[in-house]
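Asker: Structure below; questions to follow.
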Amino acid sequence: MLSYMYPFWAALIAMISAQFAKPFYLWLLKREWNWSLMKASGGFPSSHSATVAALSLAVGIQENFSSTIFAVTLAFSMIICYDAANVRYYAGQNIQITRQLIKDIQELTATKLTDPIYLTKIKNVLGHTWVEVIGGVCHGLIVAGILYFLK
């Protein structure tokens, strides 16, 4: 079963295992549990990066590292990792700044902003730091490597 569609299974297992690993890494760093991290975006390791790294390695192993499909997969993976660490990360930073500005305006003007737009629930963390992305890449490469030897 594992040898059939090995790149797909490597990517899927890397993604799921990276999501499940997030609460355990938090516990190692801060000695606190947050099981909701299993379904959250952001955090260590990046499941986006783990997924595409596992996919790239598995495609390279199965189809050859000099193949066109490996080049396409690798380029796709680099875009995903860049996006996770830059575009999505800074979007998350903008959310935090916007929340703080709304809070400051309400405090400084003693006005309660009641428009529904100010009450919209938005995730605090959308993207990743480069450490989280590199951790995800390492996680994905390890998962794809292990699965290669198990297939």
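By order in the structure tokens, chains are A, B, ...; within a chain, residues start at 1; ligands start at 1, following the order shown.
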Go through stretch 26-95 of chain A and collect every residue that DSSP, computed from the backbone, puts in helix (DSSP H, G or I); the answer should be as a count of residues only.

Answerer: 55

Asker: Extract, using only C-alpha atoms, all DNA, RNA and protein residues at most 12 Å from stretch 72-74 of chain A, discarding same-chain residues fewer than 2 positions from it, and format them as a PyMOL selection string.

Answerer: chain A and resi 7+11+49+51-60+63-70+76-81+137

Asker: Could you check which of A:Tyr89, A:Tyr25, A:Phe149, A:Tyr118 is closest to A:Gly42, using only C-alpha atoms?

Answerer: A:Tyr89

Asker: Write out as a PyMOL selection string the residues lying within 12 Å of A:Arg99, counting only C-alpha atoms and excluding same-chain residues fewer than 6 positions away.

Answerer: chain A and resi 92-93+105-106+113+117-124

Asker: I need the residue nearest A:Leu141 from this list: A:Ala71, A:Trp35, A:Ser47, A:Leu108. Use only C-alpha atoms for the distance.

Answerer: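 Looking at the shortest contact to A:Leu141, the residue is A:Ser47.
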
Asker: So how many Å separate atom CA of A:Ala50 and atom CA of A:Ser17, to one decimal?

Answerer: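 Taking atom CA of A:Ala50 and atom CA of A:Ser17, their separation equals 9.0 Å.
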
Asker: Tell me, as a count of residues only, which residues lie within 6 Å of A:Ser46, counting only C-alpha atoms; anything in the same chain fewer than 3 positions away does not count.

Answerer: 4

Asker: Using only C-alpha atoms, can you tell me which of A:Gln19, A:Ser3, A:Thr98, A:Thr114 comes closest to A:Phe44?

Answerer: A:Gln19

Asker: For a quick check of understanding, using only C-alpha atoms, which of A:Lys39, A:Trp130, A:Gln100, A:Lys151 has the smallest distance to A:Arg88?

Answerer: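 Looking at the shortest contact to A:Arg88, the residue is A:Trp130.
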
Asker: Considering only C-alpha atoms, state which residue in the set A:Cys138, A:Leu150, A:Met38, A:Leu12 is at the smallest distance from A:Phe24.

Answerer: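 Ranking A:Cys138, A:Leu150, A:Met38, A:Leu12 by distance to A:Phe24, first place goes to A:Met38.
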
Asker: Rounded to one decimal place, report the atom CA of A:Ala84-atom CA of A:Gly127 distance in Å.

Answerer: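 Interatomic distance, atom CA of A:Ala84 to atom CA of A:Gly127: 5.1 Å.
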
Asker: Between atom CA of A:Phe8 and atom CA of A:Leu26, what is the distance, to one decimal in Å?

Answerer: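 So the answer is 27.8 Å.
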